[in-house]
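K.L.:
My questions will all concern the structure given below.
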Amino acid sequence: MDNQHRKISGYRELEQREIDLINQIKAKGEELSELVASVRDVQDLMTKEHGSPDAEPLRWINIAQTHLQQGVMALIRAVAKPEGF
């Protein structure tokens with residue numbers, strides 16, 4: 001459906017440069033997601049090679065993932081400037 005945002009309260013029309021910037025942010029977010037997955041894969045491999053997993057690196061990977069997701073969302077909100085909470 002075209003122009004779905006018009007039917008959702010709090011959204012506005014974005015200029016093309018804002019759309020381009022949001023798409024750039026989302027692309028970087030995908031790169032960050034791939035990086036987190038790579039770190040997780042290395043940690044999983046180390047666990048397989050060396051025995052029992054060390055929980056702390058996994059905890060930090062999860063914290064990093066959450067914070068990076070929050071950062072990407074914050075940048076998108078900074079550009080989109082939605083109304084309300």
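Naming scheme: A, B, ... for chains in displayed order of the structure tokens; residues 1 onward per chain; ligands 1 onward as shown.
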As a VMD selection string, please: the residues near segment 59-62 of chain A (cut-off 10 Å, only C-alpha atoms, same-chain neighbours under 3 positions excluded).
P.N.:
chain A and resid 36 to 37 39 to 40 43 54 to 56 65 to 68
K.L.:
Go through chain A and collect every residue that DSSP, computed from the backbone, puts in alpha helix (DSSP H); the answer should be as number ranges by chain.
P.N.:
A: 16-50, 55-80
K.L.:
Env of Ile19 of chain A: 12 Å cut, atoms = only C-alpha atoms, seq-sep filter 5 positions within chain, self excluded. Answer as a PyMOL selection string.
P.N.:
chain A and resi 12-14+24-26+76-77+79-80
K.L.:
What lies within 12 Å of Lys28 of chain A using only C-alpha atoms, ignoring chain neighbours under 4 positions off, as a compact mmCIF listing (two decimals) with N, CA and C atoms, in the first residue's frame?
P.N.:
# COMPACT_ATOMS: atom_id res chain seq x y z
N LEU A 21 19.20 9.35 3.68
CA LEU A 21 19.99 9.25 4.90
C LEU A 21 19.52 8.08 5.77
N ILE A 22 18.21 7.91 5.89
CA ILE A 22 17.68 6.77 6.65
C ILE A 22 18.11 5.46 6.01
N ASN A 23 18.07 5.38 4.69
CA ASN A 23 18.51 4.16 4.01
C ASN A 23 20.00 3.92 4.23
N GLN A 24 20.78 4.98 4.28
CA GLN A 24 22.21 4.85 4.56
C GLN A 24 22.43 4.32 5.99
N LEU A 32 26.66 -3.62 10.66
CA LEU A 32 26.92 -3.87 12.08
C LEU A 32 26.35 -5.22 12.51
N SER A 33 25.19 -5.56 12.01
CA SER A 33 24.58 -6.85 12.32
C SER A 33 25.48 -8.00 11.85
N GLU A 34 26.03 -7.85 10.65
CA GLU A 34 26.94 -8.87 10.12
C GLU A 34 28.21 -8.96 10.97
N LEU A 35 28.71 -7.83 11.43
CA LEU A 35 29.90 -7.82 12.28
C LEU A 35 29.62 -8.54 13.60
N LEU A 68 24.01 -1.33 19.75
CA LEU A 68 24.11 -0.94 18.35
C LEU A 68 22.73 -0.78 17.72
N GLN A 69 21.80 -1.68 18.07
CA GLN A 69 20.42 -1.55 17.58
C GLN A 69 19.81 -0.24 18.07
N GLY A 71 21.40 2.47 18.90
CA GLY A 71 22.05 3.57 18.21
C GLY A 71 21.49 3.80 16.82
N VAL A 72 21.28 2.71 16.09
CA VAL A 72 20.71 2.83 14.74
C VAL A 72 19.30 3.41 14.82
N MET A 73 18.51 2.90 15.77
CA MET A 73 17.14 3.42 15.92
C MET A 73 17.17 4.91 16.29
N LEU A 75 19.48 7.15 15.56
CA LEU A 75 19.84 7.93 14.38
C LEU A 75 18.65 8.09 13.44
N ILE A 76 17.90 7.01 13.25
CA ILE A 76 16.73 7.08 12.37
C ILE A 76 15.70 8.05 12.94
K.L.:
Report, in Å with one decimal, the straight-line distance from atom CA of Pro82 of chain A to atom CA of Gly10 of chain A.
P.N.:
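So the two atoms, atom CA of Pro82 of chain A and atom CA of Gly10 of chain A, lie 5.6 Å apart.
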K.L.:
If you measure from atom CA of Asp44 of chain A to atom CA of Leu58 of chain A, what distance in Å do you get, rounded to one decimal?
P.N.:
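Separating atom CA of Asp44 of chain A from atom CA of Leu58 of chain A is a distance of 9.0 Å.
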